[in-house]
Each structure stands twice: as structure tokens, then as C-alpha cells.
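Quick notes on the structure that follows.
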Amino acid sequence: MPIEEIEREIIEEFELFGDDWEGKYEHLIDLGKSLPLIEDKYKTEDKIIKGCQSKVWVQSELKDGKIIYSADSDAIITKGLVALIVRVLSGQTPDEIVNAKLDFINKIGLKEHLSPTRANGLVSMIKQMKLDALALKSKV
Amino acid sequence: MATSVMKAKNKNLLRVEEIRRDFPILFRQVNGKELVYFDSAATAQKPQQVIDSIKKYYEFDNANIHRGVHRLSQDATVAYEEARITVQKFLNTKSAHEIIFTKGTTDSINLVASSFGKKYIKAGDEIIISEMEHHSNILPWQMLCEEKNAVLKVIPINEKGELVLEEYKKLLTDKTKIVAVTHVSNTLGTVNPVKEIIELAHSKNIPVLLDGAQAVPHMSVDVQDLDCDFYCFSGHKLYGPTGVGVLYGKEKWLNDLPPYQVGGGVIKTVTFAKTVYADLPLKFEAGTPHIEGGIGMAAGIDYINKVGLDVIAIYEHELLEYATDKLSRIPGLKIIGMAKEKASVISFVIEGLHPLDIGTILDQQGIAVRTGHHCTQPLMDHFETPGTVRASFAFYNTREEIDKLEAGIMKAIKMLK
């Protein structure tokens, strides 16, 4: 599915909650449970994306010209956000990944989780995912 | 003290609703909810009086200070120097020129580490800090030790989060050149027995620097009574503006130490052959200072003097007791830092939950707490947790807000488990 379509799907899902922040966060936490988990053997020091507070691990693999991601986080809400990003970017080509703007996060009212002060490492994670895609692109 | 305790039992002494009306930000909404601000240890909110003092400065009194003969610059200089005297009285220093205006506590500590280090630290010397220090009272000394091949020694803490004085005594050797400890821990709330720490150091002629950032908002500090050699604090935690702080140093030390940052204002005469430095305090105040910062900080001090620090201390202690009781009843919640003497700060963890998640759910309910390592990573290592949730109370907080915190935590637990 192209990135824009997945993003639209996600925006529609979250629109159902309207102002109900509890519903929104419960949904996010639930989504985290569906995150393709990174294998323990890959949870090494060099795969950690260090935010100030929560840890995120991201593993990237090339399969048939597309990038497949697996990840994990020790914080549940961060995990939910990681799951959303992986849902959008995993299975896409390196070029699509590098050019992805990921505005949907703003549109679902979760942009504070991507602010530069954010302690959760998400901004760094997205950067790393794009760098990984670029690096793997050269192997296509 | 007994009389004040009795007086404070009459809650009319601290009229919290009246006080809250002085703090405009407390009435804003956050995420569609009433703001419950429990992060004063990170920065305090400001009363209208402080906000007005800064506005007035720019509307009527703004001019560069110490430098001009025209009327505005005279008035501005007077206002700034009056602010210095306000701080002098606040700390009860012998003279106003022992008060150096800095950018804040971090800047003050860097100043001492740099100047004292330049003159007095050499290879093999020892510097004592403690396990509960904020990074701002670790890194300047650590960097100094690395530069000079000196040794950093650390006073350990016990499980309650109190300094182990017996171990401290063992650390004091004839190689120790300075002791730097926090007066009150920003993460644990522990109030350290600083008088005793100073007496022990002085018995071996070792000077002591105190990080007072978390102390001055909560208690009266008399530097002559403590007999500390240096005392540092920040304006923004004391209901004043950011970007300004204080270094108190005993006159003999400040006269003795070399200047730190230099440039305009720190001199008597300048030639390319030699420069003669100015007397205190200007020797340590290079460049145009944060003038409205000093004035705003003094306005903050005036405000809490009006409320009364003794009254504030008692009220905050009641809040702390109330909150400690409520929170310790929450299943799975563990309070980190149970020192006998504490300022109104509670750090806690909840079994199986990440502090960041708890903080996020609390934020959605309008409750502002801080999560993470609070710039005290060694402390987190000691308690084997990546971080804590920290609620810090000021005299504009209420019991009702603590009730909201309790309910908010219960909701977070329900959503996250």
C-alpha cells in the first residue's frame, strides 16, 4: 500500500476518537502490541536509538528492493508511536522512505511526541530509519 | 518554631487561593484541562509582581548600567545594585559585593570550578562531591579533574537517599582541596546536613561550595550561619526570571580567585602590556549583564519575603506529608527518597511501568510532572531505574491538586497495565 494511503487509514482511525484522549491513547497502546518485534539478538548497543528517557531499537532489512523494519521500545506509548511509523514505512522502497514527510502524526494530534525536546528518541529513530534505507538502497 | 507551627495550623496564615491569583499562568488550560503544575523544581511560576517588574524596567528604566552618566543609566544602575542588596539580605552575607550575579547555578559552579581549579588544583589533588549531585555539580569538577589529573571522590548515599556521613569523614584527607555538595536534592528532596558537612571540612581547612538551587525556594538560608565558602542558586527556581542566578563567595575567596570570563566591565585599567582588574563584584561580572533578570529576581525574593519563608516551609511540608501519604497507598508505587528531612519533592516509580508513559498520561490530564533522570544519572544508577516521575510542590499548590494527581496516577496505571 502506498504511504499516503496508509497515512489516510491511520488518520481515519484516530478521527473516530475525536476529543477522547483516553480512547486515542488506548488505541495507540494497542497498536504497540502489533509492532513487528526486533529479535533480541539485534538489541545491541549500536541498535539503540537513545532518547533522553525511553529506549528504542530499530532493525532494517532489505527484501526484494523494499525495506522491512522491526523495532521495540521500553515505553509503551513510544512503542505505539514506533508501530505507527513502522506501519507506514515498512515494505516501502528506500526512496519513498527517505522522502516520507510523516505529517500524519501531526494530523492525529500527536505531534508533541515529535518535538525536538521530546525525550523519547522518535525524531532520532525516524532519522535512523531513513539513513538505514539510504544505506541499504546502495545494495539494491 | 513551636509558635509558628501553632500559627500555621490556622491555615489562614497562607491564603493559597489569594496567592494563586497572583500567578496568572496557573489559570491556563493544558490539553483542555485545568493546569496542575507540579514541576516547580524544574522552574517556578512567576507572580504578576515579577512579570510587572520586568515590563516596567523595559518601559521606564532600561539603560546600560555601571557605565553612563545620563539619568536613565544612573537609575538602572541603582535598580540593579538594589537588587544585589536584596540578595545580600536574603542570604545574610556580610557585604553586597560578595554577591556575584551569574547566569544561574550551573554558571556559578562553573565559575568556581574554573577559577578555583586554575589556582589551586594540581595532579593528585582530591575533590569531593556526592552521589546525589545534579550534573551541574558533577561535570565542572569532573572536567577539572580530567584536565589536572586530580581525583573525584563521591560521598555515597543510603537507601533512604541520605548522605552517609561516616563515609564522608573517611573521604576527607590532606589531599582534599574542596567539597561541593547540594543543599537539597532535586530528585530526592533530601535536605543535607550541610552545617555538619561544612564543620567537618573546615576542621581540615577545606572550603565548601553548596548548590542551593533547590533550597532557597523552600527555606531560609543564612550563609554566615552555615559558614559555607560558596553558595549558588538560580533566579528562575525562586519565582524570578530565567538566565540569572547568584554566586555568593566569602570575600577572602572572591578576592583571591582569578577572574573567570573577562571583557568589558571587569577592569580598572587596560593596556596591551597589562590589565588591572576591578574590585568585587565587578571582577566577576563581564559584559552587560541580564539587568532585568537581576531586577526580576529581586522582585521574586521580595514576593516570597512578603509571604514569609517560614510560612512557606510549613505549608509545603503539609503538602509533602499529604502527598506522601496518598501516593504510598497506591499499589505498586514506590517513593524514591525517604530521607528524614525533605523538601517538597516526591520522586516515584511504579512497578512494570515506564516513567515516560506515566508522565504522558498525566500530561493528558493537565498534570505537569517531570520524568526521567532529572540530570542525576548516577542517582538513577544507584536506584537501578532509568528514571522516576517527580512531582514537586510549591506554595501555590493545593491539596485538591494532589487529589487530582492521585486520581491521575490511578488512571495511568489502569491504561498502561
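Letters for chains follow the order of the C-alpha cells (A, B, ...), residue numbers begin at 1 for each chain, and ligand numbers begin at 1 in the order shown.
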Can you tell me, as a tab-separated table (two decimals) with N, CA and C atoms, in the first residue's frame, which residues in stretch 17-140 of chain A count as helix (DSSP H, G or I) by DSSP?
```
chain	number	residue	atom	x	y	z
A	21	TRP	N	-9.27	11.72	24.43
A	21	TRP	CA	-7.84	11.43	24.52
A	21	TRP	C	-7.56	10.04	25.05
A	22	GLU	N	-8.45	9.60	25.96
A	22	GLU	CA	-8.24	8.26	26.54
A	22	GLU	C	-8.33	7.19	25.47
A	23	GLY	N	-9.37	7.32	24.63
A	23	GLY	CA	-9.57	6.35	23.55
A	23	GLY	C	-8.38	6.35	22.61
A	24	LYS	N	-7.91	7.57	22.30
A	24	LYS	CA	-6.79	7.73	21.38
A	24	LYS	C	-5.54	7.02	21.91
A	25	TYR	N	-5.25	7.28	23.18
A	25	TYR	CA	-4.04	6.67	23.75
A	25	TYR	C	-4.20	5.17	23.96
A	26	GLU	N	-5.41	4.75	24.30
A	26	GLU	CA	-5.63	3.31	24.43
A	26	GLU	C	-5.40	2.62	23.09
A	27	HIS	N	-5.87	3.27	22.03
A	27	HIS	CA	-5.68	2.73	20.68
A	27	HIS	C	-4.18	2.67	20.35
A	28	LEU	N	-3.47	3.74	20.69
A	28	LEU	CA	-2.04	3.80	20.44
A	28	LEU	C	-1.30	2.68	21.18
A	29	ILE	N	-1.68	2.50	22.45
A	29	ILE	CA	-1.05	1.45	23.25
A	29	ILE	C	-1.32	0.08	22.64
A	30	ASP	N	-2.56	-0.08	22.16
A	30	ASP	CA	-2.95	-1.33	21.50
A	30	ASP	C	-2.13	-1.58	20.24
A	31	LEU	N	-1.97	-0.52	19.46
A	31	LEU	CA	-1.20	-0.63	18.22
A	31	LEU	C	0.22	-1.08	18.51
A	32	GLY	N	0.74	-0.64	19.64
A	32	GLY	CA	2.11	-1.00	20.01
A	32	GLY	C	2.27	-2.51	20.11
A	40	ASP	N	15.68	-10.30	19.84
A	40	ASP	CA	16.56	-9.95	20.97
A	40	ASP	C	18.02	-9.86	20.57
A	41	LYS	N	18.42	-10.74	19.64
A	41	LYS	CA	19.84	-10.76	19.29
A	41	LYS	C	20.27	-9.46	18.62
A	42	TYR	N	19.29	-8.70	18.10
A	42	TYR	CA	19.62	-7.42	17.46
A	42	TYR	C	19.58	-6.25	18.42
A	45	GLU	N	23.95	-2.51	21.60
A	45	GLU	CA	24.23	-1.10	21.88
A	45	GLU	C	24.13	-0.24	20.63
A	46	ASP	N	24.62	-0.76	19.51
A	46	ASP	CA	24.64	0.07	18.31
A	46	ASP	C	23.28	0.18	17.64
A	47	LYS	N	22.33	-0.64	18.09
A	47	LYS	CA	21.00	-0.54	17.50
A	47	LYS	C	20.05	0.29	18.36
A	76	ILE	N	5.66	2.07	26.66
A	76	ILE	CA	4.51	1.56	25.90
A	76	ILE	C	3.98	2.55	24.87
A	77	ILE	N	3.91	3.83	25.25
A	77	ILE	CA	3.34	4.82	24.33
A	77	ILE	C	4.31	5.05	23.18
A	78	THR	N	5.61	5.10	23.52
A	78	THR	CA	6.62	5.21	22.48
A	78	THR	C	6.49	4.04	21.51
A	79	LYS	N	6.25	2.84	22.07
A	79	LYS	CA	6.12	1.64	21.25
A	79	LYS	C	4.96	1.80	20.27
A	80	GLY	N	3.87	2.38	20.75
A	80	GLY	CA	2.71	2.61	19.88
A	80	GLY	C	3.05	3.54	18.73
A	81	LEU	N	3.79	4.60	19.04
A	81	LEU	CA	4.18	5.55	18.00
A	81	LEU	C	5.16	4.90	17.03
A	82	VAL	N	6.08	4.10	17.55
A	82	VAL	CA	7.01	3.37	16.69
A	82	VAL	C	6.22	2.46	15.76
A	83	ALA	N	5.21	1.78	16.30
A	83	ALA	CA	4.39	0.86	15.50
A	83	ALA	C	3.71	1.60	14.34
A	84	LEU	N	3.23	2.80	14.62
A	84	LEU	CA	2.60	3.60	13.56
A	84	LEU	C	3.59	3.92	12.45
A	85	ILE	N	4.78	4.32	12.86
A	85	ILE	CA	5.78	4.71	11.87
A	85	ILE	C	6.24	3.51	11.06
A	86	VAL	N	6.42	2.39	11.74
A	86	VAL	CA	6.82	1.17	11.04
A	86	VAL	C	5.72	0.74	10.08
A	87	ARG	N	4.46	0.88	10.53
A	87	ARG	CA	3.32	0.50	9.66
A	87	ARG	C	3.34	1.30	8.37
A	88	VAL	N	3.73	2.56	8.45
A	88	VAL	CA	3.75	3.43	7.27
A	88	VAL	C	4.97	3.14	6.39
A	89	LEU	N	6.14	2.97	7.01
A	89	LEU	CA	7.37	2.90	6.23
A	89	LEU	C	7.81	1.50	5.84
A	94	PRO	N	13.35	2.37	-0.60
A	94	PRO	CA	14.22	3.34	0.08
A	94	PRO	C	13.89	4.78	-0.31
A	95	ASP	N	13.63	5.04	-1.57
A	95	ASP	CA	13.33	6.42	-2.00
A	95	ASP	C	12.07	6.95	-1.34
A	96	GLU	N	11.03	6.09	-1.30
A	96	GLU	CA	9.77	6.53	-0.69
A	96	GLU	C	9.98	6.83	0.79
A	97	ILE	N	10.82	6.02	1.42
A	97	ILE	CA	11.07	6.21	2.86
A	97	ILE	C	11.80	7.51	3.11
A	98	VAL	N	12.85	7.73	2.31
A	98	VAL	CA	13.65	8.95	2.51
A	98	VAL	C	12.81	10.20	2.30
A	99	ASN	N	11.88	10.15	1.36
A	99	ASN	CA	11.07	11.33	1.05
A	99	ASN	C	9.81	11.45	1.90
A	104	PHE	N	1.19	12.77	9.07
A	104	PHE	CA	0.00	12.19	9.69
A	104	PHE	C	0.07	12.30	11.22
A	105	ILE	N	1.30	12.29	11.75
A	105	ILE	CA	1.47	12.35	13.20
A	105	ILE	C	0.88	13.64	13.75
A	106	ASN	N	1.12	14.72	13.02
A	106	ASN	CA	0.54	16.00	13.38
A	106	ASN	C	-0.98	15.94	13.26
A	107	LYS	N	-1.45	15.33	12.14
A	107	LYS	CA	-2.89	15.31	11.87
A	107	LYS	C	-3.66	14.48	12.89
A	111	LYS	N	1.63	15.40	17.63
A	111	LYS	CA	2.87	16.00	17.17
A	111	LYS	C	3.82	16.34	18.33
A	112	GLU	N	3.25	16.51	19.55
A	112	GLU	CA	4.15	16.83	20.67
A	112	GLU	C	5.14	15.70	20.92
A	113	HIS	N	4.79	14.50	20.45
A	113	HIS	CA	5.72	13.39	20.66
A	113	HIS	C	6.90	13.44	19.70
A	114	LEU	N	6.82	14.37	18.75
A	114	LEU	CA	7.93	14.51	17.81
A	114	LEU	C	8.64	15.84	17.95
A	122	LEU	N	12.09	9.52	19.25
A	122	LEU	CA	11.37	9.25	18.00
A	122	LEU	C	11.97	9.99	16.81
A	123	VAL	N	12.32	11.24	17.03
A	123	VAL	CA	12.89	12.02	15.93
A	123	VAL	C	14.18	11.36	15.45
A	124	SER	N	15.02	10.97	16.42
A	124	SER	CA	16.26	10.28	16.05
A	124	SER	C	15.98	8.96	15.37
A	125	MET	N	14.91	8.28	15.81
A	125	MET	CA	14.59	6.99	15.22
A	125	MET	C	14.21	7.14	13.76
A	126	ILE	N	13.38	8.13	13.47
A	126	ILE	CA	12.95	8.33	12.08
A	126	ILE	C	14.17	8.65	11.21
A	127	LYS	N	15.04	9.48	11.77
A	127	LYS	CA	16.27	9.83	11.04
A	127	LYS	C	17.07	8.56	10.75
A	128	GLN	N	17.18	7.70	11.75
A	128	GLN	CA	17.97	6.47	11.59
A	128	GLN	C	17.33	5.55	10.56
A	129	MET	N	16.01	5.47	10.61
A	129	MET	CA	15.30	4.60	9.65
A	129	MET	C	15.56	5.08	8.22
A	130	LYS	N	15.59	6.39	8.04
A	130	LYS	CA	15.84	6.94	6.70
A	130	LYS	C	17.30	6.69	6.29
A	131	LEU	N	18.21	6.86	7.25
A	131	LEU	CA	19.62	6.61	6.95
A	131	LEU	C	19.86	5.15	6.58
A	132	ASP	N	19.20	4.26	7.36
A	132	ASP	CA	19.31	2.83	7.07
A	132	ASP	C	18.81	2.53	5.67
A	133	ALA	N	17.67	3.14	5.31
A	133	ALA	CA	17.08	2.92	3.99
A	133	ALA	C	18.05	3.35	2.90
A	134	LEU	N	18.66	4.50	3.12
A	134	LEU	CA	19.64	5.03	2.15
A	134	LEU	C	20.81	4.08	2.01
A	135	ALA	N	21.30	3.60	3.15
A	135	ALA	CA	22.45	2.70	3.14
A	135	ALA	C	22.12	1.40	2.42
A	136	LEU	N	20.91	0.88	2.68
A	136	LEU	CA	20.52	-0.38	2.07
A	136	LEU	C	20.21	-0.20	0.58
A	137	LYS	N	19.83	1.02	0.20
A	137	LYS	CA	19.49	1.31	-1.20
A	137	LYS	C	20.67	0.98	-2.10
```
DSSP says strand (DSSP E) for which residues of chain A? Put them as a ChimeraX atom specification?
-> /A:48-50,55-63,66-73
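The shortest atom-to-atom distance to chain A, with only C-alpha atoms taken into account, belongs to B:Gly32 out of B:Gly32, B:Lys122, B:Lys94, B:Asp39.
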Quick one: pull the distance between atom CA of B:Thr105 and atom CA of B:Pro24, Å, one decimal.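 So the two atoms, atom CA of B:Thr105 and atom CA of B:Pro24, lie 26.1 Å apart.
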Worksheet item: Using only C-alpha atoms, which residues sit within 6 Å of stretch 227-236 of chain B once same-chain residues fewer than 3 positions away are excluded, as a count of residues only?
Response: 24
Residues of chain B within 8 Å of chain A, counting only C-alpha atoms, what are they? List them as a PyMOL selection string.
chain B and resi 353-354+356-357+364+371-373+386-387+415-416
| Selection: 10 Å around B:Leu320, only C-alpha atoms, excl. self and same-chain fewer than 4 positions, as a PyMOL selection string | chain B and resi 314-316+324-326+342-346+391-394+399+402
Would you tabulate, counting only C-alpha atoms, all residues of stretch 314-360 of chain B that have an atom at most 8 Å from an atom of stretch 155-163 of chain B, showing the closest pair of atoms and their distance in Å to one decimal, sorted by chain then ascending number, as JSON lines?
```
{"residue": "B:Ile336", "atom": "CA", "partner": "B:Lys160", "partner_atom": "CA", "distance": 7.6}
{"residue": "B:Gly337", "atom": "CA", "partner": "B:Gly161", "partner_atom": "CA", "distance": 4.9}
{"residue": "B:Met338", "atom": "CA", "partner": "B:Lys160", "partner_atom": "CA", "distance": 4.8}
{"residue": "B:Ala339", "atom": "CA", "partner": "B:Lys160", "partner_atom": "CA", "distance": 5.2}
```
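Using only C-alpha atoms, the smallest distance between any of B:His382, B:Ile409, B:Tyr80, B:Pro259 and B:Gly332 comes from B:Ile409.
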Problem - Coordinates-based distance that separates atom CA of B:Ile178 from atom CA of B:Leu139 (Å, one decimal) - result: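 Between atom CA of B:Leu139 and atom CA of B:Ile178 the gap is 14.8 Å.
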